[in-house]
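A quick write-up on the structure given underneath.
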Amino acid sequence: MEPMQSRFSFFLLLCVAFLDFMGVGLVFPLFATLLFDPNIPLLASETSGAIRGLWMGVLIALTPLIQFFFSPILGSLSDQKGRKPMILWGLALGLIAYVIGIFGVQLNSLFLLIFYRALFGVSAATMTVIQASLVDISTPQTKARNFALYNMALGTGFTLGPFLGGRLSDSSLVSWFDFSTPFVLGALFTGLNLILLYWKYRETRELSDPIPIDLLRGIKQAKKAIQHPTLRFAFLGFFFFLFGWDFFLEFVPISLKSLFEYNTSEIGTFYAYKGLIYAISVGLLIRPFIKKYLPGKLLVFSMLSSGVYLLLFLVIKNPFYFWFYLPLLNFILALFYPVASTYVSNCATENNQGEILGIYHSVQALALILSPLCSGSIVGAYPLMPIYLGSAMMVIGGSVFTANHAWTKNLTQSIDEES
């Protein structure tokens with residue numbers, strides 16, 4: 001691929017990543033209000049907090065559950081049939097999902113919102129394909145930088161998504177705003193991106209021999225993650241870490257409402273500020289570190305220190321101090337996501353990048369599935385649980401990865417000495 005075309009394709013891939021996480025972020029301020037406000041008839045007014053938390057867990061978990069099954073399928077299909085068709089199908093399904101979400105909110109239909117989350121999960125599964133495409137157009141020297149910019153696009157999308165979700169659903173700002181307005185904006189952006197990719201994006205992958213589609217591939221990929229000789233304990237550490245952070249991120253609106261009586265707009269501002277700091281960190285501030293230090297060392301620092309630092313959330317008594325607390329947390333977290341992707345990609349061959357990254361996405365999706373499903377009802381009864389459990393799981397994940405990294409490093413040194 002020509003350098004100019006490669007740069008434009010890279011830009012388009014970042015646009016898809018941005019829109020995907022903007023769509024993820026749009027609903028984060030909404031679900032807590034839709035499900036926990038007794039004046040909104042999505043659930044019966046007498047529904048308990050535990051049941052409301054359970055349903056919130058189901059809605060949050062459904063997208064990564066579907067993503068868990070479809071990420072490895074789409075990753076393998078993109079290895080065989082090309083990246084572009086998979087990305088276009090994902091965007092088309094995302095557009096349909098937004099439309100269903102609009103009707104779900106307008107009709108106060110929990111069933112339609114569940115359907116929206118399921119379909120959006122298929123669309124989100126194309127993130128495997130996006131990452132594989134980034135590898136296609138990257139060199140060993142630019143891979144870590146490109147993954148950092150990719151994560152910057154994710155962070156920017158997640159910055160804008162909650163902010164828009166909170167503001168566009170606030171009828172006190174504009175009379176015709178309601179909870180469906182953010183879904184309308186998501187549909188418009190996705191439609192525009194679909195047209196642009198269909199028109200301008202060029203294929204980055206040479207096609208390979210086809211293999212049969214297997215709907216249980218996600219489960220088999222999870223099994224491969226457990227059995228992978230190089231990555232199995234790294235994947236286990238990543239799972240615990242992601243479980244803890246995703247659990248905190250998904251349910252912290254309940255903590256904020258309990259501690260500071262945050263409304264939807266204030267929750268959106270919290271997420272937007274967090275996402276903005278993350279985007280700046282992952283796009284700019286961490287570059288000197290990923291150039292200087294090896295991925296394993298950066299992951300050890302990021303996973304352990306962020307888990308411990310999260311506990312300081314409990315010390316904050318005035319929300320004003322979030323302006324000073326969140327920057328360091330998100331800088332440390334910014335070292336994890338692009339470096340983890342690089343770490344996994346470096347353990348794959350040229351011909352199975354889609355498959356190995358699909359396994360990693362299955363691990364990520366599994367953490368996203370289990371954290372809200374296992375704990376949604378608990379958070380409804382204990383609003384501070386996202387902080388306690390989130391921190392504990394992140395530290396456990398960091399400890400597992402650190403032990404594995406030390407063992408792998410010693411093993412490699414022993415082999416080098418013998419040879």
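Within each chain, counting starts at residue 1; across the structure tokens, chains are named A, B, ... in the order shown, with ligands numbered 1 upward in that order.
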
Counting only C-alpha atoms, which residues in range 291-360 of chain A sit no more than 10 Å from range 48-69 of chain A? For each one, give the nearest pair of atoms and the distance in Å, sorted by chain then residue number, as CSV.
residue,atom,partner,partner_atom,distance
A:Gly358,CA,A:Phe68,CA,9.0
A:Ile359,CA,A:Phe68,CA,9.1
A:Tyr360,CA,A:Phe68,CA,10.0

What would the file look like if the residues just selected were written as a PDB file, in the first residue's frame with C-alpha atoms?
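And here is the file that came out, again.pdb:
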ATOM      1  CA  GLY A 358      -9.203 -12.196  18.534  1.00  0.00           C
ATOM      2  CA  ILE A 359      -8.202 -14.376  21.499  1.00  0.00           C
ATOM      3  CA  TYR A 360      -7.160 -11.254  23.396  1.00  0.00           C
TER       4      TYR A 360
END

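Interatomic distance, CA of Val344 in chain A to CA of Lys200 in chain A: 29.6 Å.
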
Using only C-alpha atoms, determine which residues lie at most 12 Å from range 382-393 of chain A, disregarding the query and same-chain residues fewer than 4 positions distant; provide the list as a PyMOL selection string.
-> chain A and resi 32+49-50+53+236-261+303-315+329+367+371-372+374-378+397-400

Just how far from CA of Tyr150 in chain A is CA of Lys81 in chain A, in Å to one decimal?
->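 CA of Tyr150 in chain A lies at a distance of 23.1 Å from CA of Lys81 in chain A.
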
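Closest approach to Leu276 in chain A among A:Ile114, A:Ala234, A:Leu326, A:Ala132: A:Leu326, based on only C-alpha atoms.
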
Residue contacts of Val99 in chain A (9 Å, only C-alpha atoms) excluding same-chain residues fewer than 2 positions away, as a PyMOL selection string = chain A and resi 94-97+101-104+116+183-184+187

What lies within 10 Å of Val16 in chain A using only C-alpha atoms, ignoring chain neighbours under 3 positions off, as number ranges by chain?
-> A: 11-13, 19-22, 87-88, 90-91, 124, 126-127, 130, 150, 153-154, 157, 189-190, 193-194, 197

Atom pair CA of Phe270 in chain A / CA of Ala17 in chain A: separation (Å) | 21.2 Å

Spatial neighbours of Gly268 in chain A, max dist 9 Å, only C-alpha atoms, sep filter under 2 positions, as a list in words =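 These residues fall inside the cut-off: Gly25, Leu26, Phe28, Pro29, Leu30, Thr159, Leu160, Gly161, Pro162, Phe163, Leu164, Gly165, Gly166, Arg167, Asn263, Thr264, Ser265, Glu266, Phe270, Tyr271, Ala272 and Tyr273 of chain A.
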
Which polymer residues have any atom within 7 Å of an atom of Phe70 in chain A, counting only C-alpha atoms, with same-chain residues fewer than 4 positions away left out, as an NGL selection string?
-> :A and (66 or 74 or 122 or 125 or 218)

Can I get the selection written as a PDB file, in the first residue's frame, with N, CA and C atoms?
ATOM      1  N   ILE A  66     -21.958 -10.781  23.394  1.00  0.00           N
ATOM      2  CA  ILE A  66     -22.037 -11.019  21.948  1.00  0.00           C
ATOM      3  C   ILE A  66     -20.667 -10.812  21.314  1.00  0.00           C
ATOM      4  N   LEU A  74     -15.030 -12.842  13.510  1.00  0.00           N
ATOM      5  CA  LEU A  74     -14.753 -11.763  12.571  1.00  0.00           C
ATOM      6  C   LEU A  74     -13.255 -11.602  12.345  1.00  0.00           C
ATOM      7  N   VAL A 122     -22.331  -7.200  18.169  1.00  0.00           N
ATOM      8  CA  VAL A 122     -21.782  -7.712  16.902  1.00  0.00           C
ATOM      9  C   VAL A 122     -20.962  -6.618  16.227  1.00  0.00           C
ATOM     10  N   ALA A 125     -17.625  -6.072  17.831  1.00  0.00           N
ATOM     11  CA  ALA A 125     -16.672  -7.163  17.606  1.00  0.00           C
ATOM     12  C   ALA A 125     -15.693  -6.847  16.482  1.00  0.00           C
ATOM     13  N   GLY A 218     -15.599 -18.408  20.103  1.00  0.00           N
ATOM     14  CA  GLY A 218     -15.228 -17.600  21.256  1.00  0.00           C
ATOM     15  C   GLY A 218     -14.835 -18.466  22.437  1.00  0.00           C
TER      16      GLY A 218
END

Closest of A:Phe120, A:Phe336, A:Tyr293, A:Trp199 to Gly186 in chain A - atom-to-atom distances counting only C-alpha atoms |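 Among the listed residues, the smallest separation from Gly186 in chain A belongs to A:Phe120.
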
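Across A:Leu294, A:Ala148, A:Leu119, A:Ile40, the tightest approach to Asn346 in chain A is made by A:Leu294 when counting only C-alpha atoms.
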